[in-house]
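Engineer: What follows is a single structure, and I will ask about it in a moment.
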Amino acid sequence: MENNKTKSGISRQQFLQRTAMAGAAALLSNLEGFALTTADKKLRVAVIGCGSVSNRYLPQLQSSKLIEVVSLCDIKPERAEAQNKQYNVGAKTYPHIDAMLKGVPFDMMVTLTDMQIHGELNKKALLAGKHVWSEKPMANTYAEGKALLDLAKSKKLRLWGAPAVVNSPQFAFMSKTIQEGKLGKIAAAHGQYGHTGPTWSAFFYEKLGGSMPDLGVYNMATLTGLLGPARSVVAMLSIVKPERTVDDKGKIKVEAEDNAHILLEHDKGVISHVMCGFNYFDPHGHEAGNQTLHSIQIYGDAGNMRLIGYDWETNGVILDTHWDKPAELVSTDKGGYEWQEGARVTGESIITGIEPKINVEHALHVLEIIEAARKSQATGMRIKLKSKFPFPVVK
């Protein structure tokens, strides 16, 4: 792994070190129809994409008594072989998805590749009769993602997309606080996530990459999960640094936005704002375990609350509801939540029949927001959205 930090951004090693410091009901009417009937049978999982993110996913999947990782796949076969050995997986390794689909039988594919090919790979898995958990985004466009969902429904398969932010105890606390009216009438919210940019791969900066599907997606999922689906989007996107130097391709031209501001219109007059980018100096950025700054803020006319740490790696909530008392730090217990748990949680749900809070239609809604933001920048117009998802997420 590259250990040097360049002026252009944050290295893969730094990202891994820092993240390591921190610890779909509408799809089908009844998840129990998918539950494996044999008590001792495990869900067989295949992981495609054995780069840096797999270092977080593999231990999570291996921690489950209900899941067995049987296949690892990467277009650089040596990476699959290295991860197989590193984590003592005992899986078969493959150089291509077609070989993996013809290899050892499995039930669910976990997609951890470059984001631009998620949709193509997920479609192949669904056509082959496999459930899918996909890192974000699950497809490159909303239409492509909706087609994947329709395909999954037609084949009675499950499909989910990252992120898993709705699983954190802090998300649940904030949702309940809003629903109980403790903030009064909600008016506005803000989310932010940024650093100086990944250096290990060009795909972050290539067409259909960018800071929105890599970073802003978390805030979009959190804010819509707390405030409800967005009705329309207005955005301004830019490329601040037109050239980058990355490990796999050297000097490249940046094609996707590395700076984004997105306004979301929710029901009842609520407006939220997301800012994300690859040009944000923040020495605390990925040190979530030591993070004391807030990344999400919700305002009402009777109070406000601030999520401490990033929404993917939460540390607590500051609740401010009194004129004459100081704000209170609450909900500091993470309850075992980790941002990389999505594949494990959804995979286990196939066996247990217990519907997870993570919902594919929510992920599709976020994908539509990203696409609408790009259209808004291109046209200078407000873009209306058509997708929805079951709300509230926490009942």
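For the structure tokens, the naming scheme is as follows: chains receive sequential letters (A, B, ...) according to their order of presentation, residues are indexed from 1 within each chain, and ligands are indexed from 1 in presentation order.
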Just asking: which residues within segment 78-307 of chain A are strand (DSSP E) according to DSSP, as a count of residues only?

Structural biologist: 63

Engineer: Which residues are close to Leu329 of chain A, i.e. within 10 Å by only C-alpha atoms, leaving aside same-chain residues fewer than 6 positions away? Reply as an MDAnalysis selection string.

Structural biologist: chainID A and resid 305:308 315:320

Engineer: Return as an MDAnalysis selection string the full set of residues in segment 94-325 of chain A whose backbone-based DSSP assignment is alpha helix (DSSP H).

Structural biologist: chainID A and resid 97:102 118:127 142:154 169:179 211 217:227

Engineer: Restrict the selected residues to N, CA and C atoms and save them as a compact mmCIF listing (two decimals), in the first residue's frame.

Structural biologist:
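Okay, this is what ended up in result26.txt:
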```
# COMPACT_ATOMS: atom_id res chain seq x y z
N ILE A 97 -16.00 -11.77 -13.19
CA ILE A 97 -17.32 -12.15 -12.68
C ILE A 97 -17.90 -13.35 -13.41
N ASP A 98 -17.65 -13.46 -14.71
CA ASP A 98 -18.21 -14.59 -15.45
C ASP A 98 -17.67 -15.92 -14.93
N ALA A 99 -16.38 -15.93 -14.63
CA ALA A 99 -15.78 -17.15 -14.06
C ALA A 99 -16.34 -17.42 -12.67
N MET A 100 -16.56 -16.38 -11.89
CA MET A 100 -17.11 -16.56 -10.55
C MET A 100 -18.53 -17.10 -10.59
N LEU A 101 -19.34 -16.59 -11.53
CA LEU A 101 -20.72 -17.06 -11.64
C LEU A 101 -20.80 -18.51 -12.09
N LYS A 102 -19.78 -18.98 -12.78
CA LYS A 102 -19.74 -20.38 -13.20
C LYS A 102 -19.04 -21.28 -12.18
N HIS A 118 -20.58 -0.76 -11.20
CA HIS A 118 -21.50 -1.42 -10.27
C HIS A 118 -22.76 -1.92 -10.97
N GLY A 119 -23.38 -1.06 -11.77
CA GLY A 119 -24.64 -1.44 -12.41
C GLY A 119 -24.49 -2.65 -13.31
N GLU A 120 -23.44 -2.68 -14.11
CA GLU A 120 -23.19 -3.79 -15.03
C GLU A 120 -23.00 -5.10 -14.26
N LEU A 121 -22.20 -5.06 -13.20
CA LEU A 121 -21.92 -6.27 -12.41
C LEU A 121 -23.17 -6.73 -11.66
N ASN A 122 -23.89 -5.77 -11.09
CA ASN A 122 -25.09 -6.13 -10.33
C ASN A 122 -26.14 -6.78 -11.23
N LYS A 123 -26.26 -6.29 -12.45
CA LYS A 123 -27.21 -6.89 -13.40
C LYS A 123 -26.82 -8.33 -13.71
N LYS A 124 -25.54 -8.58 -13.93
CA LYS A 124 -25.09 -9.95 -14.22
C LYS A 124 -25.41 -10.88 -13.07
N ALA A 125 -25.22 -10.41 -11.84
CA ALA A 125 -25.49 -11.26 -10.68
C ALA A 125 -26.98 -11.55 -10.56
N LEU A 126 -27.82 -10.54 -10.74
CA LEU A 126 -29.27 -10.74 -10.65
C LEU A 126 -29.75 -11.70 -11.74
N LEU A 127 -29.26 -11.53 -12.95
CA LEU A 127 -29.64 -12.43 -14.05
C LEU A 127 -29.25 -13.87 -13.75
N TYR A 142 -30.37 6.74 -12.35
CA TYR A 142 -31.58 6.27 -11.68
C TYR A 142 -32.30 5.25 -12.54
N ALA A 143 -32.35 5.47 -13.86
CA ALA A 143 -33.03 4.53 -14.75
C ALA A 143 -32.37 3.16 -14.70
N GLU A 144 -31.05 3.14 -14.68
CA GLU A 144 -30.33 1.87 -14.59
C GLU A 144 -30.61 1.19 -13.24
N GLY A 145 -30.63 1.97 -12.17
CA GLY A 145 -30.92 1.42 -10.86
C GLY A 145 -32.34 0.89 -10.75
N LYS A 146 -33.30 1.63 -11.32
CA LYS A 146 -34.70 1.18 -11.28
C LYS A 146 -34.86 -0.11 -12.08
N ALA A 147 -34.14 -0.22 -13.19
CA ALA A 147 -34.20 -1.46 -13.98
C ALA A 147 -33.65 -2.64 -13.19
N LEU A 148 -32.62 -2.39 -12.39
CA LEU A 148 -32.08 -3.45 -11.52
C LEU A 148 -33.12 -3.89 -10.50
N LEU A 149 -33.81 -2.92 -9.91
CA LEU A 149 -34.84 -3.24 -8.93
C LEU A 149 -35.97 -4.04 -9.58
N ASP A 150 -36.40 -3.62 -10.75
CA ASP A 150 -37.46 -4.35 -11.46
C ASP A 150 -37.02 -5.77 -11.78
N LEU A 151 -35.75 -5.93 -12.16
CA LEU A 151 -35.22 -7.26 -12.45
C LEU A 151 -35.21 -8.11 -11.19
N ALA A 152 -34.77 -7.52 -10.09
CA ALA A 152 -34.75 -8.26 -8.82
C ALA A 152 -36.15 -8.72 -8.44
N LYS A 153 -37.12 -7.83 -8.57
CA LYS A 153 -38.50 -8.20 -8.25
C LYS A 153 -38.99 -9.34 -9.12
N SER A 154 -38.68 -9.26 -10.41
CA SER A 154 -39.17 -10.28 -11.35
C SER A 154 -38.59 -11.65 -11.05
N PRO A 169 -27.28 3.91 16.02
CA PRO A 169 -28.14 4.35 17.11
C PRO A 169 -28.36 5.86 17.11
N GLN A 170 -27.36 6.60 16.62
CA GLN A 170 -27.49 8.06 16.58
C GLN A 170 -28.53 8.48 15.55
N PHE A 171 -28.58 7.79 14.41
CA PHE A 171 -29.63 8.07 13.43
C PHE A 171 -30.99 7.81 14.05
N ALA A 172 -31.13 6.69 14.75
CA ALA A 172 -32.41 6.34 15.38
C ALA A 172 -32.81 7.40 16.40
N PHE A 173 -31.85 7.86 17.20
CA PHE A 173 -32.13 8.88 18.21
C PHE A 173 -32.60 10.17 17.55
N MET A 174 -31.92 10.60 16.50
CA MET A 174 -32.29 11.83 15.82
C MET A 174 -33.66 11.72 15.18
N SER A 175 -33.94 10.57 14.59
CA SER A 175 -35.24 10.36 13.96
C SER A 175 -36.36 10.44 15.00
N LYS A 176 -36.18 9.77 16.12
CA LYS A 176 -37.19 9.78 17.18
C LYS A 176 -37.37 11.19 17.76
N THR A 177 -36.27 11.91 17.91
CA THR A 177 -36.34 13.27 18.44
C THR A 177 -37.18 14.16 17.54
N ILE A 178 -37.00 14.01 16.23
CA ILE A 178 -37.80 14.79 15.28
C ILE A 178 -39.26 14.37 15.33
N GLN A 179 -39.51 13.06 15.31
CA GLN A 179 -40.88 12.54 15.31
C GLN A 179 -41.64 12.92 16.58
N SER A 211 -17.28 13.58 -6.08
CA SER A 211 -17.48 13.64 -4.63
C SER A 211 -18.90 13.30 -4.20
N VAL A 217 -23.14 11.12 -0.86
CA VAL A 217 -24.16 10.07 -0.77
C VAL A 217 -24.52 9.78 0.68
N TYR A 218 -23.56 9.85 1.59
CA TYR A 218 -23.84 9.59 3.01
C TYR A 218 -24.79 10.65 3.58
N ASN A 219 -24.45 11.92 3.35
CA ASN A 219 -25.30 13.00 3.85
C ASN A 219 -26.68 12.98 3.22
N MET A 220 -26.75 12.67 1.93
CA MET A 220 -28.04 12.59 1.25
C MET A 220 -28.90 11.49 1.85
N ALA A 221 -28.30 10.35 2.15
CA ALA A 221 -29.05 9.26 2.77
C ALA A 221 -29.49 9.63 4.17
N THR A 222 -28.63 10.30 4.93
CA THR A 222 -28.98 10.68 6.30
C THR A 222 -30.09 11.72 6.31
N LEU A 223 -29.94 12.78 5.53
CA LEU A 223 -30.92 13.87 5.58
C LEU A 223 -32.28 13.43 5.04
N THR A 224 -32.31 12.68 3.95
CA THR A 224 -33.61 12.19 3.47
C THR A 224 -34.18 11.15 4.43
N GLY A 225 -33.30 10.37 5.06
CA GLY A 225 -33.77 9.39 6.03
C GLY A 225 -34.40 10.03 7.26
N LEU A 226 -33.92 11.23 7.62
CA LEU A 226 -34.46 11.94 8.77
C LEU A 226 -35.63 12.85 8.42
N LEU A 227 -35.59 13.45 7.24
CA LEU A 227 -36.57 14.48 6.87
C LEU A 227 -37.58 14.01 5.83
```

Engineer: Could you give me, as a list in words, the residues within 7 Å of segment 370-376 of chain A, counting only C-alpha atoms and dropping anything in the same chain fewer than 5 positions from it?

Structural biologist: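 The filter keeps Thr141, Met212, Val233, Val234, Ala235, Ile262, Met381, Arg382 and Ile383 of chain A.
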
Engineer: Ranking A:Glu78, A:Asp267, A:Asp258, A:Asp214 by minimum distance to Pro163 of chain A and counting only C-alpha atoms, which one comes first?

Structural biologist: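 When distances to Pro163 of chain A are compared using only C-alpha atoms, the smallest one comes from A:Asp214.
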
Engineer: For each of A:Tyr94, A:Tyr87, A:Trp160, A:Phe204, take the minimum atom-to-atom distance to Asp114 of chain A, counting only C-alpha atoms, then give the residue where this is smallest.

Structural biologist: A:Phe204

Engineer: Please compute the atom CA of Leu72 of chain A-atom CA of Lys42 of chain A distance, one decimal, in Å.

Structural biologist: 16.9 Å

Engineer: Near Leu66 of chain A, counting only C-alpha atoms, which residues have an atom at most 8 Å away, once you skip same-chain residues fewer than 5 positions from it, shown as a PDB file with N, CA and C atoms, in the first residue's frame?

Structural biologist:
```pdb
ATOM      1  N   LYS A  41     -28.010 -23.940   7.768  1.00  0.00           N
ATOM      2  CA  LYS A  41     -27.497 -23.502   6.475  1.00  0.00           C
ATOM      3  C   LYS A  41     -27.056 -22.049   6.543  1.00  0.00           C
ATOM      4  N   LYS A  42     -25.914 -21.762   5.944  1.00  0.00           N
ATOM      5  CA  LYS A  42     -25.396 -20.407   5.922  1.00  0.00           C
ATOM      6  C   LYS A  42     -25.632 -19.765   4.556  1.00  0.00           C
ATOM      7  N   LEU A  43     -25.701 -18.442   4.553  1.00  0.00           N
ATOM      8  CA  LEU A  43     -25.780 -17.704   3.297  1.00  0.00           C
ATOM      9  C   LEU A  43     -24.391 -17.702   2.676  1.00  0.00           C
ATOM     10  N   GLU A 348     -27.723 -11.361   6.545  1.00  0.00           N
ATOM     11  CA  GLU A 348     -28.345 -12.098   7.647  1.00  0.00           C
ATOM     12  C   GLU A 348     -29.864 -12.037   7.570  1.00  0.00           C
ATOM     13  N   ILE A 351     -31.598 -14.825   5.808  1.00  0.00           N
ATOM     14  CA  ILE A 351     -31.724 -16.054   6.584  1.00  0.00           C
ATOM     15  C   ILE A 351     -32.779 -15.929   7.675  1.00  0.00           C
TER      16      ILE A 351
END
```

Engineer: Point out the residue among A:Gly210, A:Pro198, A:Gly335, A:Gly277 with the least atom-to-atom distance to Val246 of chain A, counting only C-alpha atoms.

Structural biologist: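 Nearest candidate to Val246 of chain A out of A:Gly210, A:Pro198, A:Gly335, A:Gly277: A:Pro198.
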
Engineer: Work out how far atom CA of Lys65 of chain A is from atom CA of His96 of chain A, in Å to one decimal.

Structural biologist: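 Distance between the two atoms: 27.7 Å.
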
Engineer: Find the spatial neighbours of Lys76 of chain A, counting only C-alpha atoms, within a cut-off of 12 Å - ignore same-chain residues fewer than 3 positions away - and output them as a tab-separated table (two decimals) with C-alpha atoms, in the first residue's frame.

Structural biologist:
```
chain	number	residue	atom	x	y	z
A	48	ILE	CA	-16.22	-8.93	-6.11
A	49	GLY	CA	-13.61	-6.20	-5.78
A	50	CYS	CA	-10.72	-6.94	-3.41
A	51	GLY	CA	-9.25	-3.47	-3.05
A	72	LEU	CA	-13.41	-13.72	-3.98
A	73	CYS	CA	-13.06	-12.01	-7.37
A	79	ARG	CA	-5.49	-9.04	-4.97
A	80	ALA	CA	-8.17	-11.67	-4.51
A	81	GLU	CA	-5.52	-14.22	-3.64
A	82	ALA	CA	-3.85	-11.83	-1.19
A	83	GLN	CA	-7.12	-11.08	0.63
A	93	THR	CA	-10.65	-16.90	-6.17
A	94	TYR	CA	-11.58	-15.71	-9.66
A	95	PRO	CA	-10.26	-13.10	-12.14
A	96	HIS	CA	-13.64	-12.14	-13.62
A	97	ILE	CA	-17.32	-12.15	-12.68
A	113	THR	CA	-15.44	-2.51	-7.35
```

Engineer: Between atom CA of Trp133 of chain A and atom CA of Val345 of chain A, what is the distance, to one decimal in Å?

Structural biologist: 10.1 Å
